[in-house]
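Participant: Next up, query_20.txt (compact mmCIF, C-alpha atoms).
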# COMPACT_ATOMS: atom_id res chain seq x y z
CA MET A 1 0.00 0.00 0.00
CA LEU A 2 2.88 2.40 0.51
CA ASN A 3 4.10 1.58 -2.93
CA PRO A 4 3.81 4.57 -5.32
CA ALA A 5 2.95 2.14 -8.10
CA TYR A 6 -0.48 1.54 -6.63
CA PRO A 7 -3.22 4.04 -7.21
CA GLU A 8 -4.43 3.60 -3.64
CA PHE A 9 -1.14 5.16 -2.50
CA TRP A 10 -1.85 8.32 -4.45
CA VAL A 11 -5.47 8.40 -3.27
CA LEU A 12 -4.24 8.11 0.32
CA LEU A 13 -1.61 10.79 -0.23
CA SER A 14 -4.14 13.11 -1.88
CA PHE A 15 -6.60 12.55 0.90
CA LEU A 16 -4.03 13.27 3.61
CA LEU A 17 -2.89 16.42 1.77
CA PHE A 18 -6.48 17.54 1.42
CA VAL A 19 -7.21 16.94 5.13
CA GLY A 20 -3.94 18.71 6.04
CA LEU A 21 -4.87 21.67 3.85
CA LEU A 22 -8.32 21.85 5.48
CA ILE A 23 -6.78 21.77 8.94
CA TRP A 24 -4.12 24.35 7.99
CA LYS A 25 -6.82 26.74 6.62
CA GLY A 26 -8.88 26.25 9.84
CA VAL A 27 -11.86 24.67 8.13
CA PRO A 28 -12.68 22.45 11.15
CA GLY A 29 -12.83 25.58 13.34
CA ILE A 30 -14.97 27.37 10.78
CA VAL A 31 -17.26 24.36 10.49
CA GLY A 32 -17.38 24.08 14.29
CA ARG A 33 -18.15 27.79 14.68
CA THR A 34 -20.78 27.57 11.95
CA LEU A 35 -22.34 24.54 13.57
CA ASP A 36 -22.15 26.24 16.98
CA ALA A 37 -23.75 29.38 15.54
CA ARG A 38 -26.46 27.28 13.90
CA ALA A 39 -27.00 25.39 17.17
CA ASN A 40 -27.22 28.71 19.04
CA ALA A 41 -29.68 30.05 16.45
CA ILE A 42 -31.80 26.90 16.79
CA ARG A 43 -31.59 27.14 20.58
CA THR A 44 -32.65 30.80 20.41
CA GLU A 45 -35.53 29.91 18.10
CA LEU A 46 -36.60 27.11 20.44
CA ASP A 47 -36.45 29.46 23.44
CA GLU A 48 -38.51 32.04 21.50
CA ALA A 49 -40.99 29.34 20.50
CA ARG A 50 -41.30 28.22 24.16
CA ARG A 51 -41.77 31.82 25.25
CA LEU A 52 -44.44 32.38 22.57
CA ARG A 53 -46.15 29.12 23.53
CA ASP A 54 -46.18 30.18 27.19
CA GLU A 55 -47.63 33.57 26.21
CA ALA A 56 -50.24 31.86 24.06
CA GLN A 57 -51.18 29.56 26.92
CA GLN A 58 -51.40 32.55 29.25
CA LEU A 59 -53.62 34.40 26.76
CA LEU A 60 -55.77 31.31 26.31
CA ALA A 61 -56.19 30.98 30.07
CA ASP A 62 -57.07 34.69 30.30
CA TYR A 63 -59.65 34.42 27.53
CA GLN A 64 -61.14 31.28 29.06
CA ARG A 65 -61.38 33.06 32.42
CA LYS A 66 -62.96 36.10 30.76
CA ALA A 67 -65.39 33.85 28.89
CA ARG A 68 -66.41 32.18 32.16
CA GLU A 69 -66.82 35.58 33.80
CA ALA A 70 -68.87 36.86 30.86
CA GLU A 71 -71.01 33.73 30.97
CA GLY A 72 -71.59 34.21 34.69
CA GLU A 73 -72.41 37.87 34.17
CA ALA A 74 -74.81 37.00 31.35
CA LYS A 75 -76.48 34.43 33.57
CA SER A 76 -76.86 36.95 36.39
CA ILE A 77 -78.30 39.50 33.93
CA ILE A 78 -80.77 36.90 32.66
CA ASP A 79 -81.72 35.95 36.24
CA ALA A 80 -82.21 39.62 37.15
CA ALA A 81 -84.32 40.15 34.02
CA LYS A 82 -86.45 37.12 34.90
CA ARG A 83 -86.96 38.39 38.45
CA GLU A 84 -87.82 41.84 37.14
CA ALA A 85 -90.25 40.39 34.59
CA GLU A 86 -91.92 38.26 37.27
CA SER A 87 -92.15 41.28 39.57
CA LEU A 88 -93.57 43.41 36.78
CA ALA A 89 -96.08 40.68 35.89
CA ALA A 90 -97.18 40.39 39.52
CA GLU A 91 -97.48 44.17 39.82
CA THR A 92 -99.47 44.29 36.58
CA ARG A 93 -101.79 41.51 37.78
CA ARG A 94 -102.27 43.32 41.10
CA ALA A 95 -102.95 46.65 39.36
CA LEU A 96 -105.34 45.00 36.92
CA THR A 97 -107.18 43.28 39.76
CA GLU A 98 -107.47 46.57 41.64
CA GLN A 99 -108.68 48.34 38.52
CA VAL A 100 -111.29 45.65 37.86
CA GLU A 101 -112.43 45.88 41.48
CA ARG A 102 -112.68 49.69 41.29
CA ARG A 103 -114.62 49.55 38.03
CA THR A 104 -116.88 46.82 39.38
CA LYS A 105 -117.56 48.87 42.50
CA ALA A 106 -118.17 52.01 40.42
CA ALA A 107 -120.55 50.10 38.15
CA GLU A 108 -122.39 48.65 41.17
CA GLU A 109 -122.66 52.14 42.69
CA LYS A 110 -123.92 53.52 39.37
CA ILE A 111 -126.46 50.71 39.15
CA ALA A 112 -127.55 51.38 42.74
CA ARG A 113 -127.93 55.12 42.00
CA ALA A 114 -129.87 54.37 38.82
CA GLU A 115 -132.05 51.92 40.75
CA ALA A 116 -132.68 54.48 43.50
CA GLN A 117 -133.41 57.14 40.87
CA ALA A 118 -135.80 54.77 39.09
CA ILE A 119 -137.59 53.96 42.38
CA SER A 120 -137.77 57.67 43.17
CA ASP A 121 -139.12 58.42 39.67
CA VAL A 122 -141.71 55.63 39.98
CA ARG A 123 -142.78 56.91 43.42
CA ALA A 124 -142.99 60.48 42.12
CA ALA A 125 -145.03 59.31 39.13
CA ALA A 126 -147.26 57.24 41.45
CA VAL A 127 -147.73 60.25 43.76
CA ASP A 128 -148.53 62.53 40.85
CA LEU A 129 -150.95 59.94 39.46
CA ALA A 130 -152.55 59.43 42.88
CA VAL A 131 -152.83 63.19 43.39
CA LYS A 132 -154.45 63.65 39.98
CA ALA A 133 -156.77 60.71 40.58
CA SER A 134 -157.71 62.05 44.02
CA GLU A 135 -158.16 65.51 42.59
CA THR A 136 -160.44 64.18 39.87
CA ILE A 137 -162.48 62.06 42.30
CA LEU A 138 -162.77 64.85 44.86
CA GLN A 139 -163.73 67.43 42.25
CA ALA A 140 -166.37 65.11 40.95
CA LYS A 141 -167.81 64.46 44.41
CA MET A 142 -167.41 67.92 45.83
CA ALA A 143 -168.69 70.72 43.83
CA GLY A 144 -168.44 74.36 44.50
CA GLU A 145 -166.08 76.67 46.25
CA ALA A 146 -165.82 74.74 49.52
CA GLY A 147 -164.92 71.59 47.65
CA GLY A 148 -162.27 73.42 45.66
CA SER A 149 -160.51 74.82 48.73
CA LEU A 150 -160.80 71.48 50.52
CA THR A 151 -159.39 69.74 47.45
CA GLU A 152 -156.43 72.10 47.24
CA THR A 153 -155.66 71.66 50.94
CA ALA A 154 -155.89 67.87 50.66
CA ILE A 155 -153.65 67.84 47.60
CA ARG A 156 -151.00 69.93 49.36
CA ASP A 157 -151.14 67.70 52.43
CA LEU A 158 -151.08 64.56 50.29
CA LYS A 159 -147.94 65.64 48.43
CA GLY A 160 -146.13 66.27 51.70
CA LYS A 161 -147.18 62.87 53.12
CA LEU A 162 -146.27 60.80 50.07
CA ASN A 163 -142.85 62.25 49.43
Show me this structure written as structure tokens.

Facilitator:
Amino acid sequence: MLNPAYPEFWVLLSFLLFVGLLIWKGVPGIVGRTLDARANAIRTELDEARRLRDEAQQLLADYQRKAREAEGEAKSIIDAAKREAESLAAETRRALTEQVERRTKAAEEKIARAEAQAISDVRAAAVDLAVKASETILQAKMAGEAGGSLTETAIRDLKGKLN
């Protein structure tokens, strides 16, 4: 193998010269620094990705908390609206009941007044009719001036007694 007649000798010699040249020019250091720089860049990117992931998780937790709070607030608003609606409905029912009772009472009072007025009108008509009938009967039975004055006196007394 160390014989210059073999091509493997020249390949070995060329390879060793090439590796020596690379070492002399500092290629392993450059490659190492490049790989180190690339490793540092990857490490930095991974750290940034972790930081961003942590921020995203924090934001997600915040939004989930806010969503729960908003849901609770919406539920309390709905509950308050239901209570208010029930209260308003009860108040409306009570007011309507009172209004119906007032109108019923007013109608009953109006009916009672109309009934009393009708009874009064019937009595007045009956009195007037009785007075006219008495006047006619008395005038027919009593003739003359004495009968007329007696009739007028009786009619005045009768009106006072019947009313």

Participant: Select, from A:Gln139, A:Ser134, A:Ser120, A:Gln57, the residue with the minimum atom-to-atom distance to A:Ile155, counting all atoms listed in the file.

Facilitator: A:Ser134

Participant: Could you please determine the separation between atom CA of A:Ala140 and atom CA of A:Arg123 in Å, to one decimal place?

Facilitator: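 Spanning atom CA of A:Ala140 to atom CA of A:Arg123 is a straight-line distance of 25.1 Å.
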
Participant: State, in Å with one decimal place, the distance from atom CA of A:Glu109 to atom CA of A:Leu96.

Facilitator: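 Atom CA of A:Glu109 sits 19.6 Å away from atom CA of A:Leu96.
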